[in-house]
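The file protein_19.cif contains mmCIF, C-alpha atoms:
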data_query
#
loop_
_atom_site.label_atom_id
_atom_site.label_comp_id
_atom_site.auth_asym_id
_atom_site.auth_seq_id
_atom_site.Cartn_x
_atom_site.Cartn_y
_atom_site.Cartn_z
CA MET A 1 -152.67 -17.43 12.28
CA THR A 2 -156.10 -16.82 13.79
CA PHE A 3 -156.28 -16.03 17.49
CA TYR A 4 -159.16 -17.30 19.63
CA SER A 5 -160.06 -16.27 23.16
CA THR A 6 -161.02 -19.23 25.37
CA SER A 7 -163.09 -19.39 28.53
CA GLN A 8 -160.38 -21.35 30.35
CA GLN A 9 -157.92 -18.51 29.83
CA LEU A 10 -160.46 -15.73 30.17
CA GLU A 11 -159.49 -14.77 33.71
CA GLN A 12 -155.79 -14.48 32.89
CA HIS A 13 -156.59 -12.45 29.75
CA LEU A 14 -158.92 -10.03 31.54
CA PRO A 15 -156.16 -7.46 32.25
CA ASP A 16 -155.32 -7.32 28.51
CA ILE A 17 -159.01 -7.27 27.56
CA ASP A 18 -159.72 -4.41 29.95
CA GLN A 19 -156.61 -2.53 28.83
CA HIS A 20 -157.78 -2.81 25.22
CA TRP A 21 -161.20 -1.51 26.26
CA GLN A 22 -159.66 1.44 28.10
CA GLN A 23 -157.35 2.34 25.21
CA ALA A 24 -160.02 2.18 22.50
CA GLN A 25 -161.44 5.44 21.20
CA LYS A 26 -164.70 6.33 22.95
CA GLY A 27 -167.21 9.12 22.95
CA PHE A 28 -170.76 10.19 22.23
CA PHE A 29 -172.34 11.37 19.00
CA ASN A 30 -175.57 13.25 18.55
CA SER A 31 -178.59 11.66 16.92
CA PRO A 32 -182.28 12.49 16.64
CA PHE A 33 -182.70 10.01 19.53
CA GLY A 34 -180.27 11.59 21.96
CA ARG A 35 -176.55 11.22 22.64
CA LEU A 36 -175.32 7.76 21.76
CA PHE A 37 -172.19 6.06 23.08
CA TYR A 38 -169.60 4.62 20.68
CA THR A 39 -166.18 2.99 20.72
CA TYR A 40 -163.75 1.82 18.08
CA HIS A 41 -160.23 0.50 17.63
CA ILE A 42 -158.22 0.25 14.40
CA PRO A 43 -155.21 -2.08 14.69
CA ALA A 44 -152.15 -1.74 12.51
CA ASN A 45 -152.50 -3.35 9.06
CA ALA A 46 -156.26 -3.86 9.46
CA THR A 47 -157.77 -5.75 6.52
CA HIS A 48 -161.46 -5.03 7.10
CA ALA A 49 -163.66 -2.90 9.28
CA VAL A 50 -166.28 -4.71 11.33
CA VAL A 51 -169.30 -2.82 12.62
CA LEU A 52 -170.65 -4.76 15.59
CA VAL A 53 -174.39 -4.17 15.96
CA ASN A 54 -175.43 -5.58 19.31
CA GLY A 55 -178.76 -6.91 20.52
CA ARG A 56 -181.45 -5.80 22.94
CA ILE A 57 -180.30 -4.97 26.50
CA GLU A 58 -176.70 -5.27 25.29
CA SER A 59 -173.88 -2.72 25.22
CA ALA A 60 -170.50 -2.28 23.59
CA HIS A 61 -168.93 -2.84 27.02
CA LYS A 62 -170.40 -6.34 27.21
CA TYR A 63 -168.47 -7.33 24.07
CA ARG A 64 -165.02 -6.27 25.24
CA GLU A 65 -163.65 -9.84 24.97
CA LEU A 66 -164.76 -10.07 21.33
CA LEU A 67 -163.51 -6.55 20.54
CA TRP A 68 -160.06 -7.48 21.90
CA GLU A 69 -160.07 -10.80 20.06
CA LEU A 70 -161.01 -9.29 16.70
CA SER A 71 -158.27 -6.69 17.05
CA GLN A 72 -155.74 -9.54 17.49
CA ASN A 73 -156.90 -10.73 14.08
CA ARG A 74 -156.27 -7.39 12.33
CA LEU A 75 -159.89 -6.32 12.18
CA ALA A 76 -160.89 -2.75 12.92
CA VAL A 77 -164.05 -2.78 15.02
CA PHE A 78 -166.63 -0.03 15.48
CA THR A 79 -169.63 -0.39 17.75
CA PHE A 80 -172.18 1.73 19.57
CA ASP A 81 -175.07 1.48 22.01
CA HIS A 82 -178.56 1.73 20.55
CA PRO A 83 -180.93 4.52 21.64
CA GLY A 84 -182.45 3.65 25.01
CA GLN A 85 -179.83 1.15 26.18
CA GLY A 86 -176.24 0.74 27.29
CA TYR A 87 -174.47 4.04 27.94
CA SER A 88 -176.63 5.82 25.38
CA GLU A 89 -179.37 8.23 26.36
CA ARG A 90 -182.51 6.50 27.62
CA LEU A 91 -185.85 7.30 26.00
CA LEU A 92 -188.27 7.20 28.95
CA PRO A 93 -188.23 8.59 32.50
CA ASP A 94 -188.25 4.96 33.69
CA THR A 95 -184.87 4.03 32.23
CA GLN A 96 -185.50 0.30 32.73
CA ILE A 97 -188.28 0.02 30.14
CA GLY A 98 -187.23 -1.12 26.67
CA TYR A 99 -188.88 1.33 24.29
CA VAL A 100 -188.75 2.56 20.73
CA ARG A 101 -191.32 4.72 18.95
CA ARG A 102 -190.66 3.30 15.49
CA PHE A 103 -188.37 0.35 14.83
CA GLU A 104 -186.86 2.30 11.93
CA ASN A 105 -185.40 4.68 14.53
CA TYR A 106 -182.77 2.03 15.25
CA ALA A 107 -181.68 1.89 11.60
CA GLU A 108 -181.65 5.68 11.47
CA ALA A 109 -179.37 5.74 14.53
CA LEU A 110 -177.08 3.18 12.87
CA HIS A 111 -176.99 5.38 9.77
CA CYS A 112 -175.93 8.35 11.93
CA PHE A 113 -173.18 6.22 13.47
CA MET A 114 -171.94 5.05 10.07
CA THR A 115 -171.96 8.58 8.67
CA ASP A 116 -170.62 10.53 11.64
CA ILE A 117 -168.11 8.04 13.09
CA VAL A 118 -167.32 4.96 11.01
CA CYS A 119 -166.92 6.41 7.52
CA LYS A 120 -164.97 9.38 8.86
CA HIS A 121 -162.32 7.09 10.36
CA THR A 122 -161.91 4.26 7.86
CA GLN A 123 -162.04 3.60 4.13
CA LEU A 124 -161.79 -0.16 4.62
CA PRO A 125 -164.59 -2.38 3.31
CA ILE A 126 -167.17 -2.81 6.08
CA VAL A 127 -168.76 -6.04 7.26
CA LEU A 128 -171.68 -5.83 9.66
CA LEU A 129 -171.46 -8.34 12.52
CA ALA A 130 -174.92 -8.22 14.04
CA HIS A 131 -176.58 -10.13 16.86
CA SER A 132 -180.31 -10.75 17.44
CA MET A 133 -182.15 -7.40 17.43
CA GLY A 134 -179.00 -5.90 15.91
CA ALA A 135 -179.44 -8.22 12.93
CA ALA A 136 -182.99 -6.99 12.35
CA ILE A 137 -181.70 -3.42 12.61
CA SER A 138 -178.90 -4.20 10.15
CA CYS A 139 -181.27 -5.69 7.57
CA ASP A 140 -183.54 -2.69 7.94
CA TYR A 141 -180.55 -0.36 7.55
CA LEU A 142 -179.31 -2.17 4.43
CA GLN A 143 -182.78 -1.96 2.87
CA LEU A 144 -183.43 1.67 3.78
CA PHE A 145 -180.01 3.21 3.09
CA GLN A 146 -178.15 0.75 0.80
CA PRO A 147 -174.71 1.94 2.01
CA LYS A 148 -171.95 1.58 -0.56
CA GLN A 149 -169.11 0.87 1.89
CA VAL A 150 -170.88 -2.12 3.49
CA VAL A 151 -169.91 -5.21 1.54
CA ALA A 152 -171.66 -7.92 3.61
CA GLY A 153 -173.40 -8.84 6.85
CA TYR A 154 -172.94 -11.72 9.29
CA LEU A 155 -176.09 -12.26 11.35
CA SER A 156 -175.81 -14.10 14.67
CA ALA A 157 -179.12 -15.58 15.89
CA PRO A 158 -181.00 -12.85 14.00
CA MET A 159 -184.31 -11.55 15.32
CA LEU A 160 -186.29 -12.13 12.12
CA GLY A 161 -189.12 -13.51 14.23
CA ILE A 162 -189.70 -13.49 18.00
CA ASN A 163 -190.62 -16.39 20.27
CA THR A 164 -193.79 -14.99 21.86
CA ALA A 165 -194.70 -18.14 23.84
CA PRO A 166 -197.05 -18.83 25.52
CA TYR A 167 -199.00 -16.66 23.02
CA PRO A 168 -199.06 -17.24 19.26
CA THR A 169 -197.38 -14.39 17.41
CA TRP A 170 -200.66 -13.03 16.05
CA VAL A 171 -202.13 -12.89 19.56
CA ALA A 172 -199.06 -11.11 20.95
CA GLN A 173 -199.21 -8.64 18.08
CA ALA A 174 -202.91 -7.97 18.62
CA ILE A 175 -202.39 -7.40 22.34
CA ALA A 176 -199.43 -5.05 21.75
CA ALA A 177 -201.24 -3.08 19.05
CA THR A 178 -204.37 -2.72 21.19
CA ALA A 179 -202.33 -1.57 24.19
CA CYS A 180 -200.69 1.09 22.02
CA LEU A 181 -204.08 2.30 20.79
CA LEU A 182 -205.17 2.61 24.42
CA GLY A 183 -202.16 4.80 25.20
CA LEU A 184 -200.24 2.08 27.07
CA GLY A 185 -197.32 1.87 24.64
CA LYS A 186 -194.75 3.10 27.15
CA ARG A 187 -195.69 0.51 29.77
CA TYR A 188 -194.17 -2.93 30.22
CA ALA A 189 -195.73 -5.58 28.01
CA ILE A 190 -197.39 -8.54 29.74
CA GLY A 191 -194.89 -10.55 31.76
CA GLN A 192 -192.09 -7.96 31.42
CA THR A 193 -190.31 -6.48 34.44
CA GLN A 194 -187.26 -4.49 35.48
CA TYR A 195 -183.80 -5.99 34.99
CA LEU A 196 -183.51 -9.37 36.71
CA GLU A 197 -180.38 -11.47 37.05
CA LYS A 198 -181.32 -15.05 36.27
CA PRO A 199 -179.22 -17.87 37.77
CA PHE A 200 -176.94 -19.52 35.23
CA ALA A 201 -178.94 -22.77 35.43
CA ASP A 202 -182.09 -20.94 34.29
CA ASN A 203 -180.59 -18.70 31.61
CA ASP A 204 -181.69 -18.75 27.96
CA LEU A 205 -178.52 -17.17 26.58
CA THR A 206 -175.43 -19.39 26.84
CA HIS A 207 -173.93 -22.67 28.04
CA CYS A 208 -170.73 -20.88 29.09
CA PRO A 209 -170.66 -20.19 32.85
CA GLU A 210 -167.54 -18.01 32.63
CA ARG A 211 -168.92 -15.63 30.02
CA TYR A 212 -172.34 -15.54 31.67
CA ALA A 213 -170.76 -14.62 35.01
CA LEU A 214 -168.67 -11.93 33.30
CA PHE A 215 -171.79 -10.43 31.70
CA ARG A 216 -173.80 -10.40 34.92
CA GLY A 217 -170.85 -9.12 36.93
CA LEU A 218 -170.36 -6.24 34.50
CA TYR A 219 -174.02 -5.21 34.76
CA ASN A 220 -173.82 -5.35 38.56
CA GLN A 221 -170.64 -3.25 38.53
CA TYR A 222 -172.16 -0.71 36.13
CA PRO A 223 -175.92 -0.65 36.91
CA GLU A 224 -176.42 2.14 34.35
CA LEU A 225 -176.07 -0.61 31.71
CA GLN A 226 -179.08 -2.50 33.02
CA LEU A 227 -182.28 -2.63 30.98
CA GLY A 228 -185.50 -4.41 31.85
CA GLY A 229 -188.20 -5.94 29.69
CA VAL A 230 -189.88 -4.48 26.64
CA SER A 231 -192.79 -2.07 26.40
CA PHE A 232 -195.95 -2.67 24.38
CA ALA A 233 -194.62 -0.09 21.89
CA TRP A 234 -191.34 -1.95 21.42
CA LEU A 235 -193.12 -5.28 21.02
CA ASN A 236 -195.60 -3.88 18.52
CA ALA A 237 -192.87 -2.20 16.46
CA ALA A 238 -190.56 -5.24 16.57
CA LEU A 239 -193.22 -7.76 15.55
CA ARG A 240 -194.30 -5.55 12.65
CA LYS A 241 -190.69 -5.15 11.53
CA CYS A 242 -190.08 -8.90 11.64
CA GLN A 243 -193.02 -9.34 9.27
CA ALA A 244 -191.79 -6.58 6.97
CA LEU A 245 -188.26 -8.00 6.78
CA GLN A 246 -189.63 -11.14 5.13
CA HIS A 247 -190.32 -8.98 2.06
CA VAL A 248 -187.10 -6.98 1.69
CA ASN A 249 -184.44 -7.43 -0.98
CA ILE A 250 -180.93 -7.28 0.49
CA LYS A 251 -178.34 -6.85 -2.25
CA VAL A 252 -175.14 -7.67 -0.33
CA PRO A 253 -174.11 -11.17 0.81
CA LEU A 254 -175.53 -12.23 4.17
CA ARG A 255 -174.58 -15.18 6.34
CA ILE A 256 -176.94 -16.37 9.09
CA ALA A 257 -175.65 -18.27 12.11
CA SER A 258 -178.67 -19.96 13.65
CA ALA A 259 -178.62 -21.24 17.25
CA GLU A 260 -180.20 -24.70 17.44
CA GLN A 261 -181.34 -24.29 21.07
CA ASP A 262 -182.61 -20.74 20.70
CA THR A 263 -185.69 -19.92 22.79
CA VAL A 264 -185.53 -16.14 22.24
CA VAL A 265 -186.03 -15.77 18.48
CA ASP A 266 -187.83 -17.83 15.85
CA ASN A 267 -185.48 -20.01 13.81
CA LEU A 268 -188.19 -20.84 11.27
CA ALA A 269 -188.38 -17.14 10.38
CA GLN A 270 -184.62 -17.19 9.74
CA ARG A 271 -184.97 -20.08 7.29
CA GLN A 272 -187.90 -18.41 5.56
CA PHE A 273 -185.91 -15.19 5.21
CA ALA A 274 -182.84 -17.01 3.85
CA ALA A 275 -184.94 -18.84 1.26
CA LYS A 276 -186.12 -15.52 -0.17
CA GLN A 277 -182.73 -13.82 -0.36
CA PRO A 278 -180.53 -14.85 -3.32
CA HIS A 279 -177.32 -13.79 -1.57
CA THR A 280 -178.02 -15.30 1.86
CA THR A 281 -176.73 -18.57 3.33
CA ILE A 282 -177.56 -20.12 6.69
CA THR A 283 -175.80 -22.58 9.02
CA SER A 284 -176.97 -23.97 12.35
CA PHE A 285 -174.73 -24.23 15.40
CA ALA A 286 -175.25 -26.17 18.62
CA GLY A 287 -175.92 -23.54 21.26
CA LYS A 288 -178.30 -21.11 22.88
CA HIS A 289 -179.14 -17.60 21.70
CA GLU A 290 -175.85 -15.78 22.31
CA LEU A 291 -173.56 -17.64 19.91
CA LEU A 292 -170.81 -15.01 20.26
CA CYS A 293 -170.75 -15.58 24.03
CA GLU A 294 -171.24 -19.34 23.98
CA GLN A 295 -168.99 -22.15 25.21
CA ASP A 296 -165.70 -22.42 23.34
CA SER A 297 -166.60 -25.28 20.98
CA THR A 298 -169.65 -23.44 19.64
CA ARG A 299 -168.13 -19.97 19.74
CA LYS A 300 -165.00 -21.05 17.83
CA ALA A 301 -167.14 -22.77 15.18
CA VAL A 302 -169.16 -19.58 14.71
CA LEU A 303 -166.06 -17.38 14.52
CA ASP A 304 -164.41 -19.83 12.10
CA ASP A 305 -167.49 -19.42 9.94
CA PHE A 306 -167.32 -15.63 10.28
CA TYR A 307 -163.65 -15.49 9.27
CA ALA A 308 -164.29 -17.87 6.37
CA PHE A 309 -167.18 -15.63 5.28
CA ILE A 310 -164.86 -12.61 5.22
CA GLY A 311 -162.32 -14.67 3.28
CA SER A 312 -164.95 -15.62 0.72
CA LEU A 313 -165.62 -11.94 0.09
CA GLU A 314 -161.96 -11.45 -0.78
CA THR A 315 -162.02 -14.48 -3.09
CA ALA A 316 -165.16 -13.25 -4.83
CA LYS A 317 -163.57 -9.83 -5.30
CA GLU A 318 -160.38 -11.31 -6.78
CA THR A 319 -162.24 -13.57 -9.18
CA GLY A 320 -164.91 -11.03 -10.02
CA SER A 321 -167.66 -13.47 -9.12
#

Since I need it in another form, could you write the structure as structure tokens?
Amino acid sequence: MTFYSTSQQLEQHLPDIDQHWQQAQKGFFNSPFGRLFYTYHIPANATHAVVLVNGRIESAHKYRELLWELSQNRLAVFTFDHPGQGYSERLLPDTQIGYVRRFENYAEALHCFMTDIVCKHTQLPIVLLAHSMGAAISCDYLQLFQPKQVVAGYLSAPMLGINTAPYPTWVAQAIAATACLLGLGKRYAIGQTQYLEKPFADNDLTHCPERYALFRGLYNQYPELQLGGVSFAWLNAALRKCQALQHVNIKVPLRIASAEQDTVVDNLAQRQFAAKQPHTTITSFAGKHELLCEQDSTRKAVLDDFYAFIGSLETAKETGS
């Protein structure tokens, strides 16, 4: 029987959620991009291993409710913090600026994590569960490294295109590229600032007040998790990667969960990507960008779809299809 965490019971479950977080294996591994934080938990009789690849400004710690919930459903979960965010080593003296030199660095860090941590601790088939920027990283990783143990990927609100309003994408790309040529790559892009806590009423992420308050409270309690806006270098690299991902050939099954009220990423780019990939399906869900932290009705529908997706992999394996 599948277990679901609910927002109404979130407060009473917090002691168990935090205990699970404290008891999970944690540490740091070395990468070409500094020391990176990781955590994992393998429950008894686990059926699959899930590698959770989080989004920009996120951290493993933010997902402790989901990590606990997945463990109740006999899924081993491995996750880490990307270079330059979360508990991982920051890349600039100003630790608030979102920066990456090459977008491929993220996929290379994921490859290090898979090699040095995940594959050394499990032989279970691996499903990537990736959100937003993490989904772009995962697609890049699958294209660049074609890992044999990864059998599929579930992409939540994937960043296959970025909402650059009020500028058209080509204008935003031209501005970012020009700024990099002028040596301004490590500075905030236009309109970007240090970490700001938006009121719930103005947030672009979720309709769930309980989960939003938990996220903001966590980042206030642990300010080292905070990350501000993106640099010109990050924006330039990310926009270029979004364009490049429209031309890749992913060989494992992918499932896209698209958020109907998303104002962060470009849903049209998701549909264009899915149309070009023979093993990719897409479903839309009522909700804002963070489908895995949404209100219960949306979140349960997404997780139902995720569990059904894993089940379909087993069916395909048994039938040889």

### Query
What do you get, as a ChimeraX atom specification, if you spell out every residue that the PyMOL selection byres ((chain A and resi 208-218) around 12) selects here?
/A:5-11,14,18,57-66,86,195-207,219-226,287-299

For the residues in the current selection, export C-alpha atoms as an mmCIF file, keeping the file's coordinate frame.
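The result, written out as out_37.cif:
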data_model
loop_
_atom_site.group_PDB
_atom_site.id
_atom_site.type_symbol
_atom_site.label_atom_id
_atom_site.label_comp_id
_atom_site.auth_asym_id
_atom_site.auth_seq_id
_atom_site.Cartn_x
_atom_site.Cartn_y
_atom_site.Cartn_z
ATOM 1 C CA SER A 5 -160.060 -16.270 23.160
ATOM 2 C CA THR A 6 -161.020 -19.230 25.370
ATOM 3 C CA SER A 7 -163.090 -19.390 28.530
ATOM 4 C CA GLN A 8 -160.380 -21.350 30.350
ATOM 5 C CA GLN A 9 -157.920 -18.510 29.830
ATOM 6 C CA LEU A 10 -160.460 -15.730 30.170
ATOM 7 C CA GLU A 11 -159.490 -14.770 33.710
ATOM 8 C CA LEU A 14 -158.920 -10.030 31.540
ATOM 9 C CA ASP A 18 -159.720 -4.410 29.950
ATOM 10 C CA ILE A 57 -180.300 -4.970 26.500
ATOM 11 C CA GLU A 58 -176.700 -5.270 25.290
ATOM 12 C CA SER A 59 -173.880 -2.720 25.220
ATOM 13 C CA ALA A 60 -170.500 -2.280 23.590
ATOM 14 C CA HIS A 61 -168.930 -2.840 27.020
ATOM 15 C CA LYS A 62 -170.400 -6.340 27.210
ATOM 16 C CA TYR A 63 -168.470 -7.330 24.070
ATOM 17 C CA ARG A 64 -165.020 -6.270 25.240
ATOM 18 C CA GLU A 65 -163.650 -9.840 24.970
ATOM 19 C CA LEU A 66 -164.760 -10.070 21.330
ATOM 20 C CA GLY A 86 -176.240 0.740 27.290
ATOM 21 C CA TYR A 195 -183.800 -5.990 34.990
ATOM 22 C CA LEU A 196 -183.510 -9.370 36.710
ATOM 23 C CA GLU A 197 -180.380 -11.470 37.050
ATOM 24 C CA LYS A 198 -181.320 -15.050 36.270
ATOM 25 C CA PRO A 199 -179.220 -17.870 37.770
ATOM 26 C CA PHE A 200 -176.940 -19.520 35.230
ATOM 27 C CA ALA A 201 -178.940 -22.770 35.430
ATOM 28 C CA ASP A 202 -182.090 -20.940 34.290
ATOM 29 C CA ASN A 203 -180.590 -18.700 31.610
ATOM 30 C CA ASP A 204 -181.690 -18.750 27.960
ATOM 31 C CA LEU A 205 -178.520 -17.170 26.580
ATOM 32 C CA THR A 206 -175.430 -19.390 26.840
ATOM 33 C CA HIS A 207 -173.930 -22.670 28.040
ATOM 34 C CA TYR A 219 -174.020 -5.210 34.760
ATOM 35 C CA ASN A 220 -173.820 -5.350 38.560
ATOM 36 C CA GLN A 221 -170.640 -3.250 38.530
ATOM 37 C CA TYR A 222 -172.160 -0.710 36.130
ATOM 38 C CA PRO A 223 -175.920 -0.650 36.910
ATOM 39 C CA GLU A 224 -176.420 2.140 34.350
ATOM 40 C CA LEU A 225 -176.070 -0.610 31.710
ATOM 41 C CA GLN A 226 -179.080 -2.500 33.020
ATOM 42 C CA GLY A 287 -175.920 -23.540 21.260
ATOM 43 C CA LYS A 288 -178.300 -21.110 22.880
ATOM 44 C CA HIS A 289 -179.140 -17.600 21.700
ATOM 45 C CA GLU A 290 -175.850 -15.780 22.310
ATOM 46 C CA LEU A 291 -173.560 -17.640 19.910
ATOM 47 C CA LEU A 292 -170.810 -15.010 20.260
ATOM 48 C CA CYS A 293 -170.750 -15.580 24.030
ATOM 49 C CA GLU A 294 -171.240 -19.340 23.980
ATOM 50 C CA GLN A 295 -168.990 -22.150 25.210
ATOM 51 C CA ASP A 296 -165.700 -22.420 23.340
ATOM 52 C CA SER A 297 -166.600 -25.280 20.980
ATOM 53 C CA THR A 298 -169.650 -23.440 19.640
ATOM 54 C CA ARG A 299 -168.130 -19.970 19.740
#

### Query
Just so the selection is clear, what residues does the PyMOL selection byres ((chain A and resi 48) around 12) cover here, as number ranges by chain?
A: 41-47, 49-51, 70-71, 73-78, 122-129, 149-152, 307, 310-311, 313-314

### Query
For Ala238 in chain A, which residue out of A:Met133, A:Leu36, A:Ala275, A:Ile282 is the nearest one, using only C-alpha atoms?
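Closest candidate: A:Met133.
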
### Query
Restricting the calculation to all atoms listed in the file, which member of A:Ile137, A:Ile17, A:Leu144, A:Leu227 is positioned closest to Leu160 in chain A?
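Of A:Ile137, A:Ile17, A:Leu144, A:Leu227, the one nearest Leu160 in chain A, counting all atoms listed in the file, is A:Ile137.
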
### Query
Where does the PyMOL selection byres ((chain A and resi 240-251) around 10) land in this file, that is, which residues does it pick, as JSON, numbers by chain?
{"A": [102, 103, 104, 133, 136, 137, 139, 140, 141, 142, 143, 144, 146, 151, 152, 153, 159, 160, 161, 162, 173, 177, 234, 235, 236, 237, 238, 239, 252, 253, 254, 269, 270, 272, 273, 274, 275, 276, 277, 278, 279, 280]}

Convert the current residue selection to file output with C-alpha atoms, as a PDB file, keeping the file's coordinate frame.
ATOM      1  CA  ARG A 102    -190.660   3.300  15.490  1.00  0.00           C
ATOM      2  CA  PHE A 103    -188.370   0.350  14.830  1.00  0.00           C
ATOM      3  CA  GLU A 104    -186.860   2.300  11.930  1.00  0.00           C
ATOM      4  CA  MET A 133    -182.150  -7.400  17.430  1.00  0.00           C
ATOM      5  CA  ALA A 136    -182.990  -6.990  12.350  1.00  0.00           C
ATOM      6  CA  ILE A 137    -181.700  -3.420  12.610  1.00  0.00           C
ATOM      7  CA  CYS A 139    -181.270  -5.690   7.570  1.00  0.00           C
ATOM      8  CA  ASP A 140    -183.540  -2.690   7.940  1.00  0.00           C
ATOM      9  CA  TYR A 141    -180.550  -0.360   7.550  1.00  0.00           C
ATOM     10  CA  LEU A 142    -179.310  -2.170   4.430  1.00  0.00           C
ATOM     11  CA  GLN A 143    -182.780  -1.960   2.870  1.00  0.00           C
ATOM     12  CA  LEU A 144    -183.430   1.670   3.780  1.00  0.00           C
ATOM     13  CA  GLN A 146    -178.150   0.750   0.800  1.00  0.00           C
ATOM     14  CA  VAL A 151    -169.910  -5.210   1.540  1.00  0.00           C
ATOM     15  CA  ALA A 152    -171.660  -7.920   3.610  1.00  0.00           C
ATOM     16  CA  GLY A 153    -173.400  -8.840   6.850  1.00  0.00           C
ATOM     17  CA  MET A 159    -184.310 -11.550  15.320  1.00  0.00           C
ATOM     18  CA  LEU A 160    -186.290 -12.130  12.120  1.00  0.00           C
ATOM     19  CA  GLY A 161    -189.120 -13.510  14.230  1.00  0.00           C
ATOM     20  CA  ILE A 162    -189.700 -13.490  18.000  1.00  0.00           C
ATOM     21  CA  GLN A 173    -199.210  -8.640  18.080  1.00  0.00           C
ATOM     22  CA  ALA A 177    -201.240  -3.080  19.050  1.00  0.00           C
ATOM     23  CA  TRP A 234    -191.340  -1.950  21.420  1.00  0.00           C
ATOM     24  CA  LEU A 235    -193.120  -5.280  21.020  1.00  0.00           C
ATOM     25  CA  ASN A 236    -195.600  -3.880  18.520  1.00  0.00           C
ATOM     26  CA  ALA A 237    -192.870  -2.200  16.460  1.00  0.00           C
ATOM     27  CA  ALA A 238    -190.560  -5.240  16.570  1.00  0.00           C
ATOM     28  CA  LEU A 239    -193.220  -7.760  15.550  1.00  0.00           C
ATOM     29  CA  VAL A 252    -175.140  -7.670  -0.330  1.00  0.00           C
ATOM     30  CA  PRO A 253    -174.110 -11.170   0.810  1.00  0.00           C
ATOM     31  CA  LEU A 254    -175.530 -12.230   4.170  1.00  0.00           C
ATOM     32  CA  ALA A 269    -188.380 -17.140  10.380  1.00  0.00           C
ATOM     33  CA  GLN A 270    -184.620 -17.190   9.740  1.00  0.00           C
ATOM     34  CA  GLN A 272    -187.900 -18.410   5.560  1.00  0.00           C
ATOM     35  CA  PHE A 273    -185.910 -15.190   5.210  1.00  0.00           C
ATOM     36  CA  ALA A 274    -182.840 -17.010   3.850  1.00  0.00           C
ATOM     37  CA  ALA A 275    -184.940 -18.840   1.260  1.00  0.00           C
ATOM     38  CA  LYS A 276    -186.120 -15.520  -0.170  1.00  0.00           C
ATOM     39  CA  GLN A 277    -182.730 -13.820  -0.360  1.00  0.00           C
ATOM     40  CA  PRO A 278    -180.530 -14.850  -3.320  1.00  0.00           C
ATOM     41  CA  HIS A 279    -177.320 -13.790  -1.570  1.00  0.00           C
ATOM     42  CA  THR A 280    -178.020 -15.300   1.860  1.00  0.00           C
TER      43      THR A 280
END

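Straight-line separation from CA of Ser138 in chain A to CA of Gly84 in chain A: 17.2 Å.
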
### Message
Quick check, in Å to one decimal: how far apart do CA of Gly55 in chain A and CA of Val264 in chain A lie?
### Response
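Separation of CA of Gly55 in chain A and CA of Val264 in chain A: 11.6 Å.
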
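Of the residues under consideration (A:Gly98, A:Leu181, A:Phe285, A:Ala109), A:Gly98 shows the shortest atom-to-atom contact distance to Thr193 in chain A when counting all atoms listed in the file.
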
### Task
In the coordinate frame of the file, compute which residues have an atom within 9 Å of (-179.9, -23.6, 11.1) when using all atoms listed in the file, and state them as number ranges by chain.
A: 256-260, 267-268, 270-271, 282-285

For range 25-33 of chain A, take all atoms listed in the file, fit an axis-aligned box around them, add 4 Å to each of the six sides, then output centre and edge lengths in Å rounded to one decimal, as JSON.
{"center_x": -172.1, "center_y": 9.3, "center_z": 19.8, "size_x": 29.3, "size_y": 15.8, "size_z": 14.3}

#### Entry: Point-to-point distance from CA of Leu67 in chain A to CA of His111 in chain A, Å rounded to tenths
21.0 Å

### Query
Closest to Ala172 in chain A among A:Ala135, A:Ala233, A:Leu91, A:Leu155, using all atoms listed in the file?
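So, comparing all the options, the nearest one is A:Ala233.
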
### Message
Measuring between all atoms listed in the file, which one of A:Pro93, A:Gly27, A:Pro158, A:Pro32 shows the shortest distance to Val53 in chain A?
### Response
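So, comparing all the options, the nearest one is A:Pro158.
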
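The neighbours of range 183-191 of chain A here are the residues that come within 7 Å of it, using all atoms listed in the file and leaving out any residue fewer than 5 positions away in the same chain; they are Ile97, Tyr99, Gly229, Val230, Ser231, Phe232 and Ala233 of chain A.
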
### Query
From the set A:Leu92, A:Cys180, A:Val302, A:Lys148, which residue has the shortest atom-to-atom contact distance to Cys119 in chain A, counting only C-alpha atoms?
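Closest residue, counting only C-alpha atoms: A:Lys148.
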
### Message
I'd like the neighbourhood of Tyr38 in chain A as a ChimeraX atom specification, where a residue qualifies if any of its atoms comes within 12 Å (using all atoms listed in the file), though same-chain residues fewer than 4 positions away should be ignored.
### Response
/A:21,24-30,51-54,59-61,77-83,86-89,109-110,112-114,116-118
